[in-house]
>>> print(open('structure_17.pdb').read())   # PDB, C-alpha atoms and all ligand atoms
ATOM      1  CA  MET A   1    -163.402  78.953-103.418
ATOM      2  CA  GLU A   2    -163.840  78.824-107.184
ATOM      3  CA  ARG A   3    -164.037  75.433-108.876
ATOM      4  CA  ARG A   4    -160.677  74.339-110.314
ATOM      5  CA  ASP A   5    -161.785  74.090-113.966
ATOM      6  CA  LYS A   6    -162.997  77.718-113.889
ATOM      7  CA  GLU A   7    -159.775  78.979-112.329
ATOM      8  CA  LEU A   8    -157.696  77.028-114.856
ATOM      9  CA  ASN A   9    -159.736  78.141-117.863
ATOM     10  CA  ARG A  10    -159.704  81.802-116.885
ATOM     11  CA  ALA A  11    -155.968  81.745-116.144
ATOM     12  CA  HIS A  12    -155.135  79.919-119.374
ATOM     13  CA  TYR A  13    -157.235  82.043-121.724
ATOM     14  CA  ASP A  14    -156.259  85.279-119.989
ATOM     15  CA  ALA A  15    -152.550  84.480-120.214
ATOM     16  CA  HIS A  16    -152.064  82.429-123.379
ATOM     17  CA  ALA A  17    -154.665  83.488-125.883
ATOM     18  CA  ALA A  18    -153.843  87.121-126.637
ATOM     19  CA  ASP A  19    -153.566  86.297-130.363
ATOM     20  CA  ASP A  20    -156.578  83.989-130.519
ATOM     21  CA  ARG A  21    -158.529  86.138-132.966
ATOM     22  CA  VAL A  22    -155.612  86.262-135.368
ATOM     23  CA  ARG A  23    -154.978  82.516-135.075
ATOM     24  CA  ALA A  24    -158.629  81.796-135.840
ATOM     25  CA  GLN A  25    -158.148  83.483-139.220
ATOM     26  CA  VAL A  26    -155.167  81.370-140.298
ATOM     27  CA  GLU A  27    -155.165  77.979-138.575
ATOM     28  CA  PRO A  28    -156.711  75.302-140.848
ATOM     29  CA  ASN A  29    -158.658  73.513-138.093
ATOM     30  CA  ARG A  30    -160.176  76.842-136.973
ATOM     31  CA  LEU A  31    -161.050  77.817-140.574
ATOM     32  CA  HIS A  32    -162.637  74.404-141.052
ATOM     33  CA  SER A  33    -164.652  74.887-137.858
ATOM     34  CA  LEU A  34    -165.984  78.179-139.271
ATOM     35  CA  GLU A  35    -167.025  76.349-142.455
ATOM     36  CA  ILE A  36    -168.941  73.783-140.391
ATOM     37  CA  VAL A  37    -170.592  76.039-137.831
ATOM     38  CA  VAL A  38    -171.448  79.315-139.582
ATOM     39  CA  PRO A  39    -173.713  77.986-142.398
ATOM     40  CA  TRP A  40    -175.291  75.507-139.950
ATOM     41  CA  VAL A  41    -176.372  78.260-137.550
ATOM     42  CA  VAL A  42    -177.316  80.789-140.235
ATOM     43  CA  SER A  43    -179.448  78.309-142.212
ATOM     44  CA  SER A  44    -181.285  77.087-139.083
ATOM     45  CA  LEU A  45    -182.285  80.456-137.605
ATOM     46  CA  GLY A  46    -184.656  83.103-138.926
ATOM     47  CA  ALA A  47    -183.813  86.670-139.899
ATOM     48  CA  ASN A  48    -182.869  89.059-137.073
ATOM     49  CA  ALA A  49    -182.439  86.240-134.559
ATOM     50  CA  ARG A  50    -180.469  87.082-131.430
ATOM     51  CA  VAL A  51    -177.868  84.465-130.530
ATOM     52  CA  ILE A  52    -175.862  83.996-127.354
ATOM     53  CA  ASP A  53    -172.354  82.667-128.046
ATOM     54  CA  ILE A  54    -171.572  80.883-124.766
ATOM     55  CA  ALA A  55    -167.878  80.495-123.868
ATOM     56  CA  GLY A  56    -167.536  82.146-127.247
ATOM     57  CA  GLY A  57    -163.879  83.070-126.885
ATOM     58  CA  SER A  58    -162.510  85.761-129.150
ATOM     59  CA  GLY A  59    -165.595  85.642-131.370
ATOM     60  CA  ALA A  60    -164.348  84.097-134.626
ATOM     61  CA  HIS A  61    -167.630  82.283-135.302
ATOM     62  CA  ALA A  62    -169.710  85.255-134.193
ATOM     63  CA  SER A  63    -167.858  87.632-136.526
ATOM     64  CA  GLN A  64    -168.683  85.470-139.529
ATOM     65  CA  ILE A  65    -172.284  84.835-138.472
ATOM     66  CA  VAL A  66    -173.062  88.551-138.222
ATOM     67  CA  ARG A  67    -171.429  89.166-141.621
ATOM     68  CA  SER A  68    -173.334  86.444-143.441
ATOM     69  CA  SER A  69    -176.806  87.132-142.041
ATOM     70  CA  SER A  70    -178.990  89.594-140.142
ATOM     71  CA  ILE A  71    -178.399  87.590-136.941
ATOM     72  CA  SER A  72    -176.914  89.477-133.987
ATOM     73  CA  VAL A  73    -174.596  87.757-131.518
ATOM     74  CA  VAL A  74    -173.992  88.446-127.836
ATOM     75  CA  GLY A  75    -170.772  86.954-126.447
ATOM     76  CA  VAL A  76    -170.081  85.501-123.013
ATOM     77  CA  ASP A  77    -166.734  84.213-121.795
ATOM     78  CA  ILE A  78    -164.985  83.716-118.464
ATOM     79  CA  SER A  79    -161.780  85.282-119.823
ATOM     80  CA  GLU A  80    -161.429  89.043-119.993
ATOM     81  CA  THR A  81    -158.704  88.684-122.620
ATOM     82  CA  MET A  82    -161.137  86.856-124.899
ATOM     83  CA  ILE A  83    -163.894  89.391-124.340
ATOM     84  CA  ARG A  84    -161.511  92.242-125.106
ATOM     85  CA  GLN A  85    -160.598  90.601-128.420
ATOM     86  CA  ARG A  86    -164.266  90.163-129.392
ATOM     87  CA  ALA A  87    -164.759  93.871-128.905
ATOM     88  CA  GLU A  88    -162.132  94.516-131.632
ATOM     89  CA  ASP A  89    -164.876  93.596-134.105
ATOM     90  CA  PRO A  90    -167.159  96.645-134.476
ATOM     91  CA  LEU A  91    -170.076  94.310-135.315
ATOM     92  CA  LEU A  92    -169.776  92.431-132.003
ATOM     93  CA  THR A  93    -171.084  95.111-129.705
ATOM     94  CA  GLU A  94    -172.399  93.084-126.740
ATOM     95  CA  ASN A  95    -169.771  91.067-124.908
ATOM     96  CA  VAL A  96    -169.812  90.054-121.263
ATOM     97  CA  VAL A  97    -167.298  88.461-118.909
ATOM     98  CA  ALA A  98    -169.315  85.781-117.116
ATOM     99  CA  ASP A  99    -169.410  82.143-116.107
ATOM    100  CA  MET A 100    -171.425  79.979-118.483
ATOM    101  CA  GLU A 101    -173.110  78.341-115.486
ATOM    102  CA  ALA A 102    -174.646  81.687-114.422
ATOM    103  CA  LEU A 103    -175.596  83.695-117.496
ATOM    104  CA  PRO A 104    -176.331  87.356-116.678
ATOM    105  CA  PHE A 105    -179.438  87.584-118.899
ATOM    106  CA  VAL A 106    -183.138  87.444-118.194
ATOM    107  CA  SER A 107    -185.046  84.338-119.220
ATOM    108  CA  GLY A 108    -186.267  84.095-122.794
ATOM    109  CA  SER A 109    -183.822  86.660-124.237
ATOM    110  CA  PHE A 110    -182.477  84.728-127.258
ATOM    111  CA  GLU A 111    -183.542  82.717-130.315
ATOM    112  CA  GLY A 112    -180.263  80.781-130.475
ATOM    113  CA  ALA A 113    -177.558  79.502-128.117
ATOM    114  CA  LEU A 114    -174.189  78.495-129.551
ATOM    115  CA  PHE A 115    -171.504  76.340-127.931
ATOM    116  CA  VAL A 116    -168.332  75.681-129.919
ATOM    117  CA  ALA A 117    -165.522  73.821-128.141
ATOM    118  CA  ALA A 118    -167.084  75.086-124.924
ATOM    119  CA  LEU A 119    -169.024  72.373-123.067
ATOM    120  CA  HIS A 120    -166.004  70.092-122.768
ATOM    121  CA  HIS A 121    -164.456  72.772-120.507
ATOM    122  CA  VAL A 122    -166.817  71.964-117.602
ATOM    123  CA  PRO A 123    -166.985  68.660-115.687
ATOM    124  CA  ASP A 124    -170.716  68.338-116.268
ATOM    125  CA  PRO A 125    -172.463  70.433-118.957
ATOM    126  CA  LEU A 126    -175.932  70.046-117.420
ATOM    127  CA  PRO A 127    -175.946  73.247-115.282
ATOM    128  CA  THR A 128    -174.743  75.237-118.306
ATOM    129  CA  LEU A 129    -177.296  73.615-120.607
ATOM    130  CA  ARG A 130    -180.070  74.510-118.147
ATOM    131  CA  GLU A 131    -178.857  78.096-118.264
ATOM    132  CA  ALA A 132    -178.973  78.017-122.078
ATOM    133  CA  TRP A 133    -182.514  76.586-121.858
ATOM    134  CA  ARG A 134    -183.516  79.380-119.477
ATOM    135  CA  VAL A 135    -182.222  82.270-121.619
ATOM    136  CA  LEU A 136    -183.752  80.861-124.828
ATOM    137  CA  ARG A 137    -187.278  81.705-125.908
ATOM    138  CA  PRO A 138    -189.672  78.776-126.431
ATOM    139  CA  GLY A 139    -188.888  77.503-129.930
ATOM    140  CA  GLY A 140    -185.285  78.740-129.596
ATOM    141  CA  GLN A 141    -182.491  76.500-130.833
ATOM    142  CA  ILE A 142    -179.275  75.241-129.267
ATOM    143  CA  PHE A 143    -176.203  74.478-131.422
ATOM    144  CA  VAL A 144    -173.388  72.390-129.951
ATOM    145  CA  CYS A 145    -170.111  71.590-131.713
ATOM    146  CA  GLU A 146    -167.616  69.768-129.472
ATOM    147  CA  PRO A 147    -164.781  67.247-129.703
ATOM    148  CA  ASN A 148    -166.069  63.644-129.912
ATOM    149  CA  SER A 149    -163.650  61.387-128.078
ATOM    150  CA  LEU A 150    -163.186  57.738-129.064
ATOM    151  CA  ARG A 151    -161.518  57.070-125.728
ATOM    152  CA  ALA A 152    -164.577  58.427-123.894
ATOM    153  CA  ARG A 153    -166.711  56.031-125.976
ATOM    154  CA  ARG A 154    -164.631  53.135-124.640
ATOM    155  CA  GLN A 155    -163.796  54.307-121.136
ATOM    156  CA  GLY A 156    -166.448  56.884-120.282
ATOM    157  CA  VAL A 157    -166.462  60.645-119.892
ATOM    158  CA  ALA A 158    -163.515  61.799-117.784
ATOM    159  CA  PRO A 159    -161.081  64.638-117.086
ATOM    160  CA  ILE A 160    -158.107  64.869-119.461
ATOM    161  CA  VAL A 161    -155.031  64.501-117.272
ATOM    162  CA  GLU A 162    -152.669  66.237-119.704
ATOM    163  CA  HIS A 163    -155.159  69.160-120.189
ATOM    164  CA  PRO A 164    -156.722  69.647-116.742
ATOM    165  CA  LYS A 165    -159.063  72.419-117.936
ATOM    166  CA  GLU A 166    -160.813  70.006-120.351
ATOM    167  CA  PHE A 167    -162.904  66.832-120.229
ATOM    168  CA  ARG A 168    -163.263  63.932-122.674
ATOM    169  CA  VAL A 169    -166.842  63.711-123.948
ATOM    170  CA  THR A 170    -168.804  61.946-126.670
ATOM    171  CA  VAL A 171    -171.472  63.376-128.912
ATOM    172  CA  GLY A 172    -174.011  60.793-127.704
ATOM    173  CA  TRP A 173    -173.413  61.664-124.061
ATOM    174  CA  LEU A 174    -173.692  65.378-124.797
ATOM    175  CA  ALA A 175    -176.933  64.841-126.691
ATOM    176  CA  GLY A 176    -178.259  62.979-123.638
ATOM    177  CA  ARG A 177    -177.335  65.903-121.402
ATOM    178  CA  ILE A 178    -178.957  68.364-123.815
ATOM    179  CA  GLN A 179    -182.158  66.315-123.686
ATOM    180  CA  GLU A 180    -182.013  66.156-119.869
ATOM    181  CA  ALA A 181    -181.826  69.950-119.794
ATOM    182  CA  GLY A 182    -185.250  70.033-121.473
ATOM    183  CA  PHE A 183    -184.434  70.302-125.196
ATOM    184  CA  GLU A 184    -185.862  68.210-128.009
ATOM    185  CA  ILE A 185    -183.016  66.795-130.102
ATOM    186  CA  ASP A 186    -183.299  67.667-133.804
ATOM    187  CA  GLU A 187    -179.966  66.480-135.103
ATOM    188  CA  VAL A 188    -176.907  64.499-133.944
ATOM    189  CA  ARG A 189    -173.994  63.892-136.322
ATOM    190  CA  THR A 190    -170.243  64.025-136.541
ATOM    191  CA  LYS A 191    -167.641  65.509-138.887
ATOM    192  CA  ARG A 192    -163.894  64.872-139.320
ATOM    193  CA  LEU A 193    -163.865  61.081-139.528
ATOM    194  CA  SER A 194    -161.092  60.151-141.967
ATOM    195  CA  ILE A 195    -158.857  63.019-140.862
ATOM    196  CA  ARG A 196    -158.399  61.013-137.670
ATOM    197  CA  VAL A 197    -156.125  58.731-139.720
ATOM    198  CA  VAL A 198    -154.224  61.675-141.237
ATOM    199  CA  ASP A 199    -153.776  63.086-137.714
ATOM    200  CA  LEU A 200    -151.836  59.964-136.739
ATOM    201  CA  PHE A 201    -149.081  61.182-139.072
ATOM    202  CA  THR A 202    -149.323  64.974-138.756
ATOM    203  CA  GLN A 203    -150.845  67.395-136.284
ATOM    204  CA  SER A 204    -151.091  70.230-138.801
ATOM    205  CA  SER A 205    -153.273  69.297-141.769
ATOM    206  CA  SER A 206    -153.865  72.005-144.366
ATOM    207  CA  LEU A 207    -157.376  73.256-145.147
ATOM    208  CA  GLY A 208    -157.076  71.319-148.442
ATOM    209  CA  ILE A 209    -156.638  68.069-146.456
ATOM    210  CA  PHE A 210    -159.703  68.930-144.369
ATOM    211  CA  HIS A 211    -161.688  69.387-147.604
ATOM    212  CA  LEU A 212    -160.361  66.160-149.147
ATOM    213  CA  THR A 213    -161.222  64.143-146.027
ATOM    214  CA  ASP A 214    -164.681  65.782-145.923
ATOM    215  CA  ARG A 215    -165.271  64.292-149.384
ATOM    216  CA  ILE A 216    -164.057  60.861-148.238
ATOM    217  CA  ASP A 217    -166.305  61.124-145.160
ATOM    218  CA  ARG A 218    -169.360  61.636-147.336
ATOM    219  CA  VAL A 219    -168.827  58.085-148.609
ATOM    220  CA  LEU A 220    -167.602  56.540-145.334
ATOM    221  CA  THR A 221    -170.402  57.863-143.149
ATOM    222  CA  VAL A 222    -173.042  55.909-145.064
ATOM    223  CA  VAL A 223    -171.436  52.772-143.553
ATOM    224  CA  PRO A 224    -173.458  51.828-140.452
ATOM    225  CA  GLY A 225    -171.480  52.380-137.274
ATOM    226  CA  LEU A 226    -169.039  54.881-138.757
ATOM    227  CA  SER A 227    -171.234  57.954-138.836
ATOM    228  CA  HIS A 228    -170.746  58.802-135.157
ATOM    229  CA  LEU A 229    -167.005  58.247-134.951
ATOM    230  CA  GLY A 230    -165.926  61.624-136.351
ATOM    231  CA  GLY A 231    -163.652  63.811-134.277
ATOM    232  CA  VAL A 232    -166.222  66.582-133.927
ATOM    233  CA  GLY A 233    -169.794  66.078-132.737
ATOM    234  CA  LEU A 234    -172.686  68.332-133.720
ATOM    235  CA  VAL A 235    -176.004  68.463-131.868
ATOM    236  CA  ARG A 236    -178.929  70.773-132.605
ATOM    237  CA  GLY A 237    -181.938  70.945-130.305
ATOM    238  CA  THR A 238    -185.035  73.043-129.695
ATOM    239  CA  LYS A 239    -186.587  74.404-126.525
ATOM    240  CA  PRO A 240    -190.144  73.154-126.913
ATOM    241  CA  ALA A 241    -192.832  75.798-127.267
ATOM    242  CA  GLN A 242    -194.785  73.997-124.520
ATOM    243  CA  PRO A 243    -192.111  72.219-122.500
ATOM    244  CA  ALA A 244    -193.273  68.896-121.105
ATOM    245  CA  VAL A 245    -190.514  69.037-118.496
ATOM    246  CA  SER A 246    -189.309  72.353-117.159
ATOM    247  CA  SER A 247    -185.548  72.487-116.825
ATOM    248  CA  ASP A 248    -185.999  74.406-113.563
ATOM    249  CA  ALA A 249    -188.093  71.591-112.160
ATOM    250  CA  GLN A 250    -185.323  69.087-112.648
ATOM    251  CA  GLU A 251    -183.053  68.139-109.793
ATOM    252  CA  ASP A 252    -180.297  70.639-109.089
ATOM    253  CA  GLY A 253    -176.607  70.128-108.532
ATOM    254  CA  ALA A 254    -173.769  68.758-110.598
ATOM    255  CA  ARG A 255    -173.730  65.031-111.184
ATOM    256  CA  PRO A 256    -170.413  64.607-112.925
ATOM    257  CA  PHE A 257    -170.290  61.938-115.605
ATOM    258  CA  ALA A 258    -173.823  60.669-115.024
ATOM    259  CA  GLY A 259    -176.424  60.695-117.763
ATOM    260  CA  GLN A 260    -177.617  58.641-120.679
ATOM    261  CA  ASN A 261    -176.449  58.590-124.256
ATOM    262  CA  VAL A 262    -179.003  59.545-126.835
ATOM    263  CA  LYS A 263    -179.428  56.537-129.123
ATOM    264  CA  LEU A 264    -177.535  57.323-132.314
ATOM    265  CA  THR A 265    -178.831  55.984-135.575
TER     266      THR A 265
HETATM  267  C1  LIG B   1    -161.586  76.312-126.857
HETATM  268  S1  LIG B   1    -162.174  77.921-126.443
HETATM  269  C2  LIG B   1    -163.518  78.075-127.586
HETATM  270  C3  LIG B   1    -163.901  79.491-127.846
HETATM  271  C4  LIG B   1    -164.936  79.706-128.944
HETATM  272  N1  LIG B   1    -166.204  79.081-128.641
HETATM  273  C5  LIG B   1    -164.405  79.258-130.287
HETATM  274  O1  LIG B   1    -164.811  78.218-130.763
HETATM  275  O2  LIG B   1    -163.552  79.961-130.839
HETATM  276  C6  LIG B   1    -162.976  77.647-124.894
HETATM  277  C7  LIG B   1    -163.512  78.896-124.266
HETATM  278  O3  LIG B   1    -164.306  78.555-123.128
HETATM  279  C8  LIG B   1    -164.119  79.578-122.172
HETATM  280  N2  LIG B   1    -164.578  79.058-120.869
HETATM  281  C9  LIG B   1    -164.084  78.000-120.181
HETATM  282  N3  LIG B   1    -164.798  77.792-119.058
HETATM  283  C10 LIG B   1    -165.764  78.757-119.021
HETATM  284  C11 LIG B   1    -166.817  79.074-118.113
HETATM  285  N4  LIG B   1    -167.012  78.362-116.990
HETATM  286  N5  LIG B   1    -167.636  80.103-118.417
HETATM  287  C12 LIG B   1    -167.439  80.840-119.547
HETATM  288  N6  LIG B   1    -166.454  80.595-120.435
HETATM  289  C13 LIG B   1    -165.624  79.559-120.190
HETATM  290  C14 LIG B   1    -162.637  79.874-122.248
HETATM  291  O4  LIG B   1    -162.295  81.107-121.659
HETATM  292  C15 LIG B   1    -162.423  79.841-123.758
HETATM  293  O5  LIG B   1    -162.607  81.102-124.344
END
>>> encode(input="structure_17.pdb", output="structure tokens", more="lines below")
Ligand SMILES: C[S@@+](CC[C@H](N)C(=O)[O-])C[C@H]1O[C@@H](n2cnc3c(N)ncnc32)[C@H](O)[C@@H]1O
Amino acid sequence: MERRDKELNRAHYDAHAADDRVRAQVEPNRLHSLEIVVPWVVSSLGANARVIDIAGGSGAHASQIVRSSSISVVGVDISETMIRQRAEDPLLTENVVADMEALPFVSGSFEGALFVAALHHVPDPLPTLREAWRVLRPGGQIFVCEPNSLRARRQGVAPIVEHPKEFRVTVGWLAGRIQEAGFEIDEVRTKRLSIRVVDLFTQSSSLGIFHLTDRIDRVLTVVPGLSHLGGVGLVRGTKPAQPAVSSDAQEDGARPFAGQNVKLT
């Protein structure tokens, strides 16, 4: 029998996300996500890099990455509906329906692995991160952009009762998992700090509000202790050229909610 989170995710994204690609072009939080992720990935990778967009949905980030660089992007998602929408973009030519815990690619196929709002859809990201490690070439980079939960900071990583296909995670915990999978951590930071306050009063901030709060965050995040409280966590890591610890050699099996936080400065 399939694990419940996979069943729920497939069913939800197959049934409710037929307009996802369109929504990604108009919803302010999605547009803001593009502004965060696309330049980050493009500026970190070399020309002609091949990136795997894992649980990449309808391909909004991928479409912009391929248009602003010579990078090519291969998409993987558990939902057929999402994969069909990716294929609407003539520049996204390789798209596969697959589970992120079993990527149908040979080892060492990619220079980059991208996760956006993806890892918090599995109870433990470690098996997926090991798969990303496997399909990356030595020196390849992993990019993770996920919700950073304040409640998970206080109470620990846990399923979200009101959204049973998702899990509350923190950026520090994710960075720890990424390290356990065999990556060296290059960068851990958060975005969307002061918009947390705005969100208490409205759930639909305009892109202008996102930009205004970005400017406020530039000042706030120099205050010690505030820099890792943003609503979105970003982690970048590298698969070492000569890995000290092989991901394959690590113990197998899911260990939900175990793991160490990477120490955040
Ligand atoms: C919130 S969406 C994010 C999509 C995309 N990364 C983006 O930012 O637009 C989460 C995606 O994860 C996919 N997903 C959930 N569990 C998965 C799994 N086990 N394997 C592959 N994809 C999965 C869903 O189908 C959905 O497209």
>>> resolve_selection(input="structure_17.pdb", expression="the PyMOL selection byres (((not hetatm)) within 7 of (chain B and resi 1))", output="PyMOL selection string")
chain A and resi 5-6+9-10+13+54-61+76-79+82+98-101+115-118+121-122
>>> residues_around(input="structure_17.pdb", residues="stretch 30-43 of chain A", least_positions_apart="6", cutoff="8 Å", atoms="all atoms listed in the file", output="count of residues only")
13
>>> residues_around(input="structure_17.pdb", residues="A:Val197", least_positions_apart="5", cutoff="12 Å", atoms="all atoms listed in the file", output="number ranges by chain")
A: 192, 202-203, 205, 209-210, 213, 216-217, 229-231
>>> resolve_selection(input="structure_17.pdb", expression="the PyMOL selection byres (((chain A and resi 126-134) around 7) and not hetatm)", output="list in words")
Met100, Glu101, Ala102, Leu103, Ser107, Gly108, Ala113, Asp124, Pro125, Val135, Leu136, Arg177, Ile178, Ala181, Lys239, Ser247 and Ala254 of chain A
>>> atom_distance(input="structure_17.pdb", atom1="atom CA of A:Leu45", atom2="atom CA of A:Ser70")
10.0 Å
>>> atom_distance(input="structure_17.pdb", atom1="atom CA of A:Val74", atom2="atom CA of A:Gly233")
23.3 Å
>>> atom_distance(input="structure_17.pdb", atom1="atom CA of A:Pro138", atom2="atom CA of A:Val66")
22.6 Å
>>> closest_residue(input="structure_17.pdb", among="A:Lys165, A:Asn29, A:Ser63, A:Ala175", to="A:Ile195", atoms="all atoms listed in the file")
A:Asn29
>>> residues_around(input="structure_17.pdb", residues="A:Leu220", least_positions_apart="4", cutoff="9 Å", atoms="only C-alpha atoms", output="list of chain:residue names")
A:Leu193, A:Ser194, A:Ile216, A:Pro224, A:Leu226, A:Ser227
>>> residues_around(input="structure_17.pdb", residues="A:Glu111", least_positions_apart="4", cutoff="9 Å", atoms="only C-alpha atoms", output="count of residues only")
14
>>> closest_residue(input="structure_17.pdb", among="A:Thr81, A:Thr190, A:Gly208, A:Gly176", to="A:Thr221", atoms="only C-alpha atoms")
A:Thr190
>>> build_atoms(input="structure_17.pdb", residues="stretch 29-44 of chain A", atoms="N, CA and C atoms", output="mmCIF file, in the frame of the given file")
data_model
loop_
_atom_site.group_PDB
_atom_site.id
_atom_site.type_symbol
_atom_site.label_atom_id
_atom_site.label_comp_id
_atom_site.auth_asym_id
_atom_site.auth_seq_id
_atom_site.Cartn_x
_atom_site.Cartn_y
_atom_site.Cartn_z
ATOM 1 N N ASN A 29 -157.548 74.155 -138.838
ATOM 2 C CA ASN A 29 -158.658 73.513 -138.093
ATOM 3 C C ASN A 29 -159.697 74.542 -137.647
ATOM 4 N N ARG A 30 -159.240 75.779 -137.372
ATOM 5 C CA ARG A 30 -160.176 76.842 -136.973
ATOM 6 C C ARG A 30 -160.995 77.294 -138.187
ATOM 7 N N LEU A 31 -160.324 77.407 -139.355
ATOM 8 C CA LEU A 31 -161.050 77.817 -140.574
ATOM 9 C C LEU A 31 -162.091 76.753 -140.933
ATOM 10 N N HIS A 32 -161.711 75.496 -140.756
ATOM 11 C CA HIS A 32 -162.637 74.404 -141.052
ATOM 12 C C HIS A 32 -163.827 74.443 -140.093
ATOM 13 N N SER A 33 -163.565 74.767 -138.834
ATOM 14 C CA SER A 33 -164.652 74.887 -137.858
ATOM 15 C C SER A 33 -165.639 75.986 -138.287
ATOM 16 N N LEU A 34 -165.099 77.100 -138.788
ATOM 17 C CA LEU A 34 -165.984 78.179 -139.271
ATOM 18 C C LEU A 34 -166.861 77.664 -140.408
ATOM 19 N N GLU A 35 -166.268 76.871 -141.301
ATOM 20 C CA GLU A 35 -167.025 76.349 -142.455
ATOM 21 C C GLU A 35 -168.138 75.398 -142.016
ATOM 22 N N ILE A 36 -167.908 74.705 -140.898
ATOM 23 C CA ILE A 36 -168.941 73.783 -140.391
ATOM 24 C C ILE A 36 -170.042 74.568 -139.675
ATOM 25 N N VAL A 37 -169.642 75.459 -138.792
ATOM 26 C CA VAL A 37 -170.592 76.039 -137.831
ATOM 27 C C VAL A 37 -171.413 77.192 -138.430
ATOM 28 N N VAL A 38 -170.752 78.082 -139.162
ATOM 29 C CA VAL A 38 -171.448 79.315 -139.582
ATOM 30 C C VAL A 38 -172.662 79.025 -140.471
ATOM 31 N N PRO A 39 -172.512 78.248 -141.572
ATOM 32 C CA PRO A 39 -173.713 77.986 -142.398
ATOM 33 C C PRO A 39 -174.779 77.195 -141.655
ATOM 34 N N TRP A 40 -174.349 76.330 -140.747
ATOM 35 C CA TRP A 40 -175.291 75.507 -139.950
ATOM 36 C C TRP A 40 -176.207 76.418 -139.125
ATOM 37 N N VAL A 41 -175.598 77.358 -138.415
ATOM 38 C CA VAL A 41 -176.372 78.260 -137.550
ATOM 39 C C VAL A 41 -177.230 79.199 -138.402
ATOM 40 N N VAL A 42 -176.607 79.784 -139.422
ATOM 41 C CA VAL A 42 -177.316 80.789 -140.235
ATOM 42 C C VAL A 42 -178.521 80.160 -140.945
ATOM 43 N N SER A 43 -178.338 78.915 -141.451
ATOM 44 C CA SER A 43 -179.448 78.309 -142.212
ATOM 45 C C SER A 43 -180.556 77.797 -141.284
ATOM 46 N N SER A 44 -180.267 77.633 -139.996
ATOM 47 C CA SER A 44 -181.285 77.087 -139.083
ATOM 48 C C SER A 44 -182.121 78.167 -138.406
#
